Amino acid sequence: MAIEFDMIGYIAGTLTTFASLPQLIKSLKTNDMSGVSLYFVVTFTLGLSLWLVYGILKNDYPIIIFNIISLMFWIPITYLKIRDELERS
C-alpha cells in the first residue's frame with residue numbers, strides 16, 4: 001500500500017514540477033517577466049521552500065525530490081522577476 005501512495009506522490013510531483021518548466025524557458029528566452037506577478041513568484045517560491053522543509057522533516061522522498069527540482073526552476077524565475085521589478089523602478 002505504501003508503494004502505491006509513493007507512486008501517486010511521484011506522478012503528482014512530476015506533473016506539478018515540470019508544469020513550471022515552460023515558464024522558465026519562456027522567461028529566459030524573452031527576458032520578459034511583465035506578465036508574471038512578483039507576489040505570486042515570491043509566495044510560490046517560499047511555499048516550495050517550506051514544502052521542502054516539511055518533506056525533510058517527514059523523510060518523505062517524493063516531497064523532497066520534487067521540491068528541490070521545483071526550486072531549481074523557481075529560484076531563477078524569482079531572480080529574473082525581482083531584477084525586472086528593480087529595473088522598472
# chains A, B, ... in the order shown; residues from 1 in each chain; ligands from 1
>>> residues_around(residues="A:Ile68", least_positions_apart="4", cutoff="10 Å", atoms="only C-alpha atoms", output="PyMOL selection string")
chain A and resi 17+48-49+51-52+62-64+72-74
>>> atom_distance(atom1="atom CA of A:Ile69", atom2="atom CA of A:Glu85")
24.9 Å
>>> residues_around(residues="A:Gly35", least_positions_apart="5", cutoff="12 Å", atoms="only C-alpha atoms", output="JSON, numbers by chain")
{"A": [23, 26, 27, 30, 40, 41, 81, 84, 85]}
>>> atom_distance(atom1="atom CA of A:Asp60", atom2="atom CA of A:Val42")
24.2 Å
>>> residues_around(residues="A:Thr45", least_positions_apart="5", cutoff="9 Å", atoms="only C-alpha atoms", output="JSON, numbers by chain")
{"A": [40, 50, 70, 71, 74, 75, 78]}
>>> write_last_selection(atoms="C-alpha atoms", output="mmCIF file, in the first residue's frame")
data_model
loop_
_atom_site.group_PDB
_atom_site.id
_atom_site.type_symbol
_atom_site.label_atom_id
_atom_site.label_comp_id
_atom_site.auth_asym_id
_atom_site.auth_seq_id
_atom_site.Cartn_x
_atom_site.Cartn_y
_atom_site.Cartn_z
ATOM 1 C CA PHE A 40 2.964 35.106 -6.917
ATOM 2 C CA LEU A 50 8.511 25.246 3.157
ATOM 3 C CA SER A 70 10.938 22.866 -8.477
ATOM 4 C CA LEU A 71 13.178 25.246 -6.568
ATOM 5 C CA TRP A 74 11.673 28.844 -9.470
ATOM 6 C CA ILE A 75 14.752 30.410 -7.903
ATOM 7 C CA THR A 78 12.265 34.681 -8.852
#
>>> closest_residue(among="A:Ser37, A:Gly9, A:Pro76, A:Ser89", to="A:Gly55", atoms="only C-alpha atoms")
A:Gly9
>>> closest_residue(among="A:Phe18, A:Tyr79, A:Tyr54, A:Tyr39", to="A:Phe66", atoms="only C-alpha atoms")
A:Phe18
>>> closest_residue(among="A:Leu57, A:Leu80, A:Met7, A:Leu86", to="A:Leu28", atoms="only C-alpha atoms")
A:Leu80
